[in-house]
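Q: Contents of upload.pdb (PDB, C-alpha atoms):
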ATOM      1  CA  MET E   1      -2.796   7.062 -31.401
ATOM      2  CA  ARG E   2      -3.296   5.490 -27.974
ATOM      3  CA  SER E   3      -5.273   2.272 -27.756
ATOM      4  CA  PRO E   4      -8.057   1.884 -25.157
ATOM      5  CA  GLY E   5      -5.741  -0.486 -23.288
ATOM      6  CA  ASN E   6      -3.040   2.161 -23.136
ATOM      7  CA  MET E   7      -5.491   4.787 -21.892
ATOM      8  CA  ARG E   8      -6.704   2.449 -19.122
ATOM      9  CA  LEU E   9      -3.109   1.806 -18.037
ATOM     10  CA  ILE E  10      -2.480   5.544 -17.849
ATOM     11  CA  GLN E  11      -5.668   6.203 -15.870
ATOM     12  CA  ILE E  12      -4.843   3.560 -13.281
ATOM     13  CA  ALA E  13      -1.261   4.756 -12.968
ATOM     14  CA  GLN E  14      -2.401   8.309 -12.284
ATOM     15  CA  ALA E  15      -4.932   7.372  -9.589
ATOM     16  CA  GLY E  16      -3.859   8.532  -6.143
ATOM     17  CA  ALA E  17      -0.636  10.149  -5.038
ATOM     18  CA  PRO E  18       1.503   8.296  -2.504
ATOM     19  CA  GLY E  19       0.807   8.962   1.135
ATOM     20  CA  VAL E  20      -1.767  11.687   0.557
ATOM     21  CA  ALA E  21      -5.397  11.585   1.580
ATOM     22  CA  SER E  22      -7.835  10.589  -1.105
ATOM     23  CA  PRO E  23     -10.886  12.852  -1.541
ATOM     24  CA  GLY E  24     -13.060  10.694   0.717
ATOM     25  CA  ALA E  25     -10.566  10.188   3.552
ATOM     26  CA  GLY E  26      -8.783  12.694   5.720
ATOM     27  CA  PHE E  27      -6.331  12.518   8.583
ATOM     28  CA  GLU E  28      -9.066  13.392  11.074
ATOM     29  CA  GLN E  29     -10.340   9.824  10.503
ATOM     30  CA  PRO E  30      -7.118   7.777  10.643
ATOM     31  CA  PHE E  31      -8.744   4.378  10.108
ATOM     32  CA  GLU E  32     -10.454   5.721   6.996
ATOM     33  CA  MET E  33      -7.023   6.905   5.844
ATOM     34  CA  LEU E  34      -5.613   3.426   6.425
ATOM     35  CA  ALA E  35      -8.487   1.918   4.436
ATOM     36  CA  ALA E  36      -7.900   4.437   1.628
ATOM     37  CA  CYS E  37      -4.251   3.349   1.562
ATOM     38  CA  HIS E  38      -5.419  -0.228   1.103
ATOM     39  CA  GLU E  39      -7.526   0.863  -1.863
ATOM     40  CA  ARG E  40      -4.461   2.517  -3.414
ATOM     41  CA  VAL E  41      -2.380  -0.608  -2.796
ATOM     42  CA  GLU E  42      -5.047  -2.655  -4.571
ATOM     43  CA  ARG E  43      -4.957  -0.230  -7.525
ATOM     44  CA  MET E  44      -1.179  -0.540  -7.687
ATOM     45  CA  LEU E  45      -1.373  -4.341  -7.583
ATOM     46  CA  ASP E  46      -3.991  -4.221 -10.342
ATOM     47  CA  LEU E  47      -1.643  -1.984 -12.285
ATOM     48  CA  LEU E  48       1.101  -4.621 -11.985
ATOM     49  CA  VAL E  49      -1.219  -7.169 -13.639
ATOM     50  CA  LYS E  50      -2.150  -4.713 -16.386
ATOM     51  CA  LEU E  51       1.499  -3.794 -16.864
ATOM     52  CA  ARG E  52       2.424  -7.441 -17.461
ATOM     53  CA  ARG E  53      -0.281  -7.744 -20.126
ATOM     54  CA  HIS E  54       0.694  -4.420 -21.643
ATOM     55  CA  LEU E  55       4.338  -5.486 -21.933
ATOM     56  CA  GLN E  56       3.292  -8.620 -23.821
ATOM     57  CA  ALA E  57       1.185  -6.617 -26.273
ATOM     58  CA  HIS E  58       3.165  -3.374 -26.632
ATOM     59  CA  GLY E  59       6.574  -3.786 -25.015
ATOM     60  CA  ALA E  60       8.089  -1.141 -22.779
ATOM     61  CA  ASP E  61       6.512   1.891 -24.413
ATOM     62  CA  GLU E  62       6.170   5.183 -22.567
ATOM     63  CA  GLN E  63       2.906   4.128 -20.892
ATOM     64  CA  ALA E  64       4.541   0.966 -19.539
ATOM     65  CA  ARG E  65       7.620   2.841 -18.358
ATOM     66  CA  GLN E  66       5.459   5.461 -16.608
ATOM     67  CA  ALA E  67       3.297   2.797 -14.958
ATOM     68  CA  ALA E  68       6.444   1.094 -13.629
ATOM     69  CA  ARG E  69       7.677   4.426 -12.244
ATOM     70  CA  ASP E  70       4.297   5.093 -10.613
ATOM     71  CA  VAL E  71       4.249   1.724  -8.861
ATOM     72  CA  MET E  72       7.825   2.228  -7.667
ATOM     73  CA  ARG E  73       6.996   5.675  -6.339
ATOM     74  CA  TYR E  74       3.988   4.384  -4.415
ATOM     75  CA  PHE E  75       5.736   1.439  -2.782
ATOM     76  CA  ASP E  76       8.922   3.425  -2.136
ATOM     77  CA  LEU E  77       7.129   6.307  -0.392
ATOM     78  CA  ALA E  78       3.632   5.490   0.813
ATOM     79  CA  ALA E  79       3.830   1.801   1.713
ATOM     80  CA  PRO E  80       6.583   2.203   4.356
ATOM     81  CA  LEU E  81       4.635   5.042   6.010
ATOM     82  CA  HIS E  82       1.485   2.925   6.010
ATOM     83  CA  HIS E  83       3.316   0.027   7.643
ATOM     84  CA  GLN E  84       4.670   2.403  10.283
ATOM     85  CA  ASP E  85       1.136   3.665  10.960
ATOM     86  CA  GLU E  86       0.040   0.120  11.666
ATOM     87  CA  GLU E  87       3.071  -0.876  13.714
ATOM     88  CA  ILE E  88       2.894   2.236  15.901
ATOM     89  CA  HIS E  89      -0.863   2.655  16.338
ATOM     90  CA  VAL E  90      -2.821  -0.459  15.315
ATOM     91  CA  PHE E  91      -0.815  -3.525  16.276
ATOM     92  CA  PRO E  92       0.079  -2.455  19.856
ATOM     93  CA  VAL E  93      -3.612  -1.909  20.663
ATOM     94  CA  LEU E  94      -4.379  -5.448  19.512
ATOM     95  CA  MET E  95      -1.435  -6.940  21.403
ATOM     96  CA  ALA E  96      -2.483  -5.151  24.612
ATOM     97  CA  ARG E  97      -5.808  -6.989  24.504
ATOM     98  CA  GLY E  98      -4.047 -10.166  25.588
ATOM     99  CA  ASP E  99      -6.051 -12.323  23.184
ATOM    100  CA  ALA E 100      -3.965 -15.230  21.856
ATOM    101  CA  ALA E 101      -5.598 -15.265  18.412
ATOM    102  CA  LEU E 102      -5.161 -11.501  17.961
ATOM    103  CA  SER E 103      -1.557 -11.686  19.144
ATOM    104  CA  ALA E 104      -0.830 -14.466  16.655
ATOM    105  CA  LEU E 105      -2.427 -12.412  13.887
ATOM    106  CA  VAL E 106      -0.332  -9.360  14.772
ATOM    107  CA  GLN E 107       2.853 -11.431  14.786
ATOM    108  CA  ARG E 108       2.014 -12.737  11.305
ATOM    109  CA  LEU E 109       1.167  -9.249  10.033
ATOM    110  CA  LEU E 110       4.519  -7.995  11.337
ATOM    111  CA  ARG E 111       6.282 -10.876   9.550
ATOM    112  CA  ASP E 112       4.326  -9.947   6.419
ATOM    113  CA  HIS E 113       5.720  -6.416   6.612
ATOM    114  CA  ARG E 114       9.273  -7.759   6.718
ATOM    115  CA  ASP E 115       8.493 -10.226   3.897
ATOM    116  CA  MET E 116       6.949  -7.404   1.848
ATOM    117  CA  GLU E 117      10.062  -5.295   2.276
ATOM    118  CA  SER E 118      12.206  -8.178   1.054
ATOM    119  CA  ALA E 119       9.857  -8.988  -1.840
ATOM    120  CA  TRP E 120       9.699  -5.312  -2.806
ATOM    121  CA  THR E 121      13.457  -5.312  -3.422
ATOM    122  CA  ARG E 122      12.960  -7.972  -6.115
ATOM    123  CA  VAL E 123       9.828  -6.384  -7.571
ATOM    124  CA  ARG E 124      11.444  -2.957  -7.668
ATOM    125  CA  ALA E 125      14.378  -4.366  -9.657
ATOM    126  CA  VAL E 126      11.898  -5.717 -12.234
ATOM    127  CA  LEU E 127      10.022  -2.412 -12.433
ATOM    128  CA  ASP E 128      13.239  -0.436 -12.651
ATOM    129  CA  ALA E 129      14.235  -2.599 -15.613
ATOM    130  CA  VAL E 130      10.847  -1.966 -17.270
ATOM    131  CA  ALA E 131      11.207   1.775 -16.642
ATOM    132  CA  GLY E 132      14.569   1.488 -18.355
ATOM    133  CA  GLY E 133      13.054  -0.209 -21.417
ATOM    134  CA  LEU E 134      12.854  -3.942 -20.635
ATOM    135  CA  ASP E 135      10.254  -5.297 -23.072
ATOM    136  CA  ALA E 136       9.656  -8.823 -21.742
ATOM    137  CA  LEU E 137       9.713 -10.492 -18.341
ATOM    138  CA  ASP E 138      11.222 -13.890 -17.681
ATOM    139  CA  ASP E 139       9.580 -16.516 -15.444
ATOM    140  CA  ARG E 140      11.567 -15.433 -12.379
ATOM    141  CA  GLN E 141      10.479 -11.827 -12.799
ATOM    142  CA  VAL E 142       6.840 -12.811 -13.301
ATOM    143  CA  SER E 143       7.015 -14.967 -10.144
ATOM    144  CA  ALA E 144       8.425 -12.021  -8.176
ATOM    145  CA  LEU E 145       5.455  -9.864  -9.202
ATOM    146  CA  ASP E 146       2.905 -12.620  -8.552
ATOM    147  CA  ASP E 147       4.323 -13.518  -5.134
ATOM    148  CA  PHE E 148       4.366  -9.864  -4.073
ATOM    149  CA  ALA E 149       0.748  -9.356  -5.146
ATOM    150  CA  ALA E 150      -0.417 -12.553  -3.413
ATOM    151  CA  LEU E 151       1.316 -11.634  -0.149
ATOM    152  CA  TYR E 152      -0.214  -8.169  -0.158
ATOM    153  CA  ALA E 153      -3.700  -9.431  -1.059
ATOM    154  CA  ARG E 154      -3.828 -11.859   1.891
ATOM    155  CA  HIS E 155      -2.351  -9.257   4.227
ATOM    156  CA  LEU E 156      -4.928  -6.624   3.256
ATOM    157  CA  ARG E 157      -7.792  -9.083   3.758
ATOM    158  CA  ASP E 158      -6.599  -9.934   7.272
ATOM    159  CA  GLU E 159      -6.210  -6.298   8.231
ATOM    160  CA  ASP E 160      -9.541  -5.204   6.755
ATOM    161  CA  SER E 161     -11.529  -8.093   8.214
ATOM    162  CA  THR E 162      -9.916  -8.449  11.651
ATOM    163  CA  ALA E 163      -7.072  -6.106  12.613
ATOM    164  CA  TYR E 164      -8.695  -2.757  11.787
ATOM    165  CA  PRO E 165     -12.143  -3.521  13.231
ATOM    166  CA  GLY E 166     -10.510  -4.961  16.343
ATOM    167  CA  ALA E 167      -8.266  -1.951  16.879
ATOM    168  CA  MET E 168     -11.061   0.555  16.189
ATOM    169  CA  ALA E 169     -13.166  -1.089  18.899
ATOM    170  CA  LEU E 170     -10.324  -0.871  21.416
ATOM    171  CA  ILE E 171      -8.544   2.412  20.739
ATOM    172  CA  ALA E 172      -9.267   5.304  23.090
ATOM    173  CA  PRO E 173     -10.449   8.634  21.607
ATOM    174  CA  ASP E 174      -7.293  10.455  22.739
ATOM    175  CA  ALA E 175      -5.132   7.754  21.181
ATOM    176  CA  LEU E 176      -7.091   8.174  17.944
ATOM    177  CA  HIS E 177      -6.312  11.904  18.001
ATOM    178  CA  THR E 178      -2.611  11.192  18.642
ATOM    179  CA  MET E 179      -2.633   8.670  15.803
ATOM    180  CA  ALA E 180      -4.050  11.245  13.396
ATOM    181  CA  GLU E 181      -1.458  13.855  14.387
ATOM    182  CA  ASP E 182       1.406  11.369  14.115
ATOM    183  CA  MET E 183       0.307  10.264  10.657
ATOM    184  CA  MET E 184       0.298  13.892   9.512
ATOM    185  CA  VAL E 185       3.675  14.765  11.025
ATOM    186  CA  ARG E 186       5.437  11.751   9.520
ATOM    187  CA  ARG E 187       4.117  12.759   6.109
ATOM    188  CA  GLY E 188       5.267  16.344   6.480
ATOM    189  CA  VAL E 189       1.713  17.652   6.823
ATOM    190  CA  THR E 190       1.095  20.394   9.368
ATOM    191  CA  PRO E 191      -1.183  18.899  12.014
ATOM    192  CA  LEU E 192      -4.682  20.266  11.962
ATOM    193  CA  VAL E 193      -6.357  21.353  15.144
ATOM    194  CA  LEU E 194      -8.476  18.268  15.510
ATOM    195  CA  PRO E 195     -11.322  18.230  18.018
ATOM    196  CA  ARG E 196     -10.675  15.943  20.959
ATOM    197  CA  ALA E 197     -13.419  13.617  22.096
ATOM    198  CA  GLN E 198     -15.150  14.631  25.313
TER     199      GLN E 198
END
Show me this structure written as structure tokens.
A:
Amino acid sequence: MRSPGNMRLIQIAQAGAPGVASPGAGFEQPFEMLAACHERVERMLDLLVKLRRHLQAHGADEQARQAARDVMRYFDLAAPLHHQDEEIHVFPVLMARGDAALSALVQRLLRDHRDMESAWTRVRAVLDAVAGGLDALDDRQVSALDDFAALYARHLRDEDSTAYPGAMALIAPDALHTMAEDMMVRRGVTPLVLPRAQ
């Protein structure tokens, strides 16, 4: 019989497929898609916390192994595409503004992306071990998970509060259309015929 804790772990793990629009966000609204990706990242980070607790209570049972696989799948597939979206369509708009504070923010966000890629290598090794049956995490493994979550949390806050609103205010309607099409193509989705702004 599954405990309520196990059921919650399963429900969180199953929420949202990598790189695909959630019910409330579609490619025709690319900034809404980016925000929906942030919500999925937050769910995956929450799942990492729940997975740590679950391992302490239940070990690497099937629910824990599946949760580890789900997190790996998300950050292997969707996160790199999301970072590309930002680096191709969001950050250049902010840099073109010529504002020193925005430029400094973009440079830090770009460094974050590189740091996240490096941190993900360590986190993925931990999750791969859990998926393979590792029952307990050592201090180094716990630190890898905590550092990864903290880096992402700060990064998401900066993008949601400053980078996205700033870019949305500056991006031209045609560029928004191009952004939507590019996001679809890179995900293997046939571009829709999106209406262009007049």
Q: Tell me which protein, DNA and RNA residues are within 10 Å of Asp158 of chain E, counting all atoms listed in the file, leaving out same-chain ones fewer than 3 positions away, and put them as JSON, numbers by chain.
A: {"E": [105, 106, 108, 109, 152, 153, 154, 155, 161, 162, 163, 164]}
Q: For segment 18-108 of chain E against segment 124-128 of chain E, with a cut-off of 12 Å and counting all atoms listed in the file, what is the closest atom pair and its distance in Å to one decimal for every residue that makes the cut, ordered by chain and number, as CSV?
A:
residue,atom,partner,partner_atom,distance
E:Leu47,CA,E:Leu127,CA,11.7
E:Leu48,CA,E:Leu127,CA,9.2
E:Leu51,CA,E:Leu127,CA,9.7
E:Arg52,CA,E:Leu127,CA,10.4
E:Leu55,CA,E:Leu127,CA,11.5
E:Ala60,CA,E:Leu127,CA,10.6
E:Ala64,CA,E:Leu127,CA,9.6
E:Arg65,CA,E:Leu127,CA,8.3
E:Gln66,CA,E:Leu127,CA,10.0
E:Ala67,CA,E:Leu127,CA,8.9
E:Ala68,CA,E:Leu127,CA,5.2
E:Arg69,CA,E:Leu127,CA,7.2
E:Asp70,CA,E:Leu127,CA,9.6
E:Val71,CA,E:Leu127,CA,7.9
E:Met72,CA,E:Arg124,CA,6.3
E:Arg73,CA,E:Arg124,CA,9.8
E:Tyr74,CA,E:Arg124,CA,11.0
E:Phe75,CA,E:Arg124,CA,8.7
E:Asp76,CA,E:Arg124,CA,8.8
Q: So that I have them on file, write out the residues from the current selection with C-alpha atoms, as a CSV table (one decimal), in the frame of the given file.
A:
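The new file again01.csv reads:
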chain,number,residue,atom,x,y,z
E,47,LEU,CA,-1.6,-2.0,-12.3
E,48,LEU,CA,1.1,-4.6,-12.0
E,51,LEU,CA,1.5,-3.8,-16.9
E,52,ARG,CA,2.4,-7.4,-17.5
E,55,LEU,CA,4.3,-5.5,-21.9
E,60,ALA,CA,8.1,-1.1,-22.8
E,64,ALA,CA,4.5,1.0,-19.5
E,65,ARG,CA,7.6,2.8,-18.4
E,66,GLN,CA,5.5,5.5,-16.6
E,67,ALA,CA,3.3,2.8,-15.0
E,68,ALA,CA,6.4,1.1,-13.6
E,69,ARG,CA,7.7,4.4,-12.2
E,70,ASP,CA,4.3,5.1,-10.6
E,71,VAL,CA,4.2,1.7,-8.9
E,72,MET,CA,7.8,2.2,-7.7
E,73,ARG,CA,7.0,5.7,-6.3
E,74,TYR,CA,4.0,4.4,-4.4
E,75,PHE,CA,5.7,1.4,-2.8
E,76,ASP,CA,8.9,3.4,-2.1
Q: Could you check which of E:Leu145, E:Ala104, E:Arg157, E:Leu110 is closest to Glu39 of chain E, using only C-alpha atoms?
A: E:Arg157
Q: Give the answer as one residue: which of E:Pro30, E:Glu159, E:Asp61, E:His54 has the shortest atom-to-atom distance to Gly132 of chain E, using only C-alpha atoms?
A: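 So, comparing all the options, the nearest one is E:Asp61.
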Q: If you measure from atom CA of Gln84 of chain E to atom CA of Leu151 of chain E, what distance in Å do you get, rounded to one decimal?
A: 17.8 Å
Q: With all atoms listed in the file as the basis for distance, which of E:His113, E:His82, E:Arg97, E:Arg53 is at the shortest distance from Val142 of chain E?
A: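 Checking each of E:His113, E:His82, E:Arg97, E:Arg53 against Val142 of chain E, counting all atoms listed in the file, the winner is E:Arg53.
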Q: Between E:Ala79, E:Ala57, E:His177, E:Thr190, single out the one closest to Val41 of chain E, counting only C-alpha atoms.
A: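 Using only C-alpha atoms, the shortest distance to Val41 of chain E belongs to E:Ala79.
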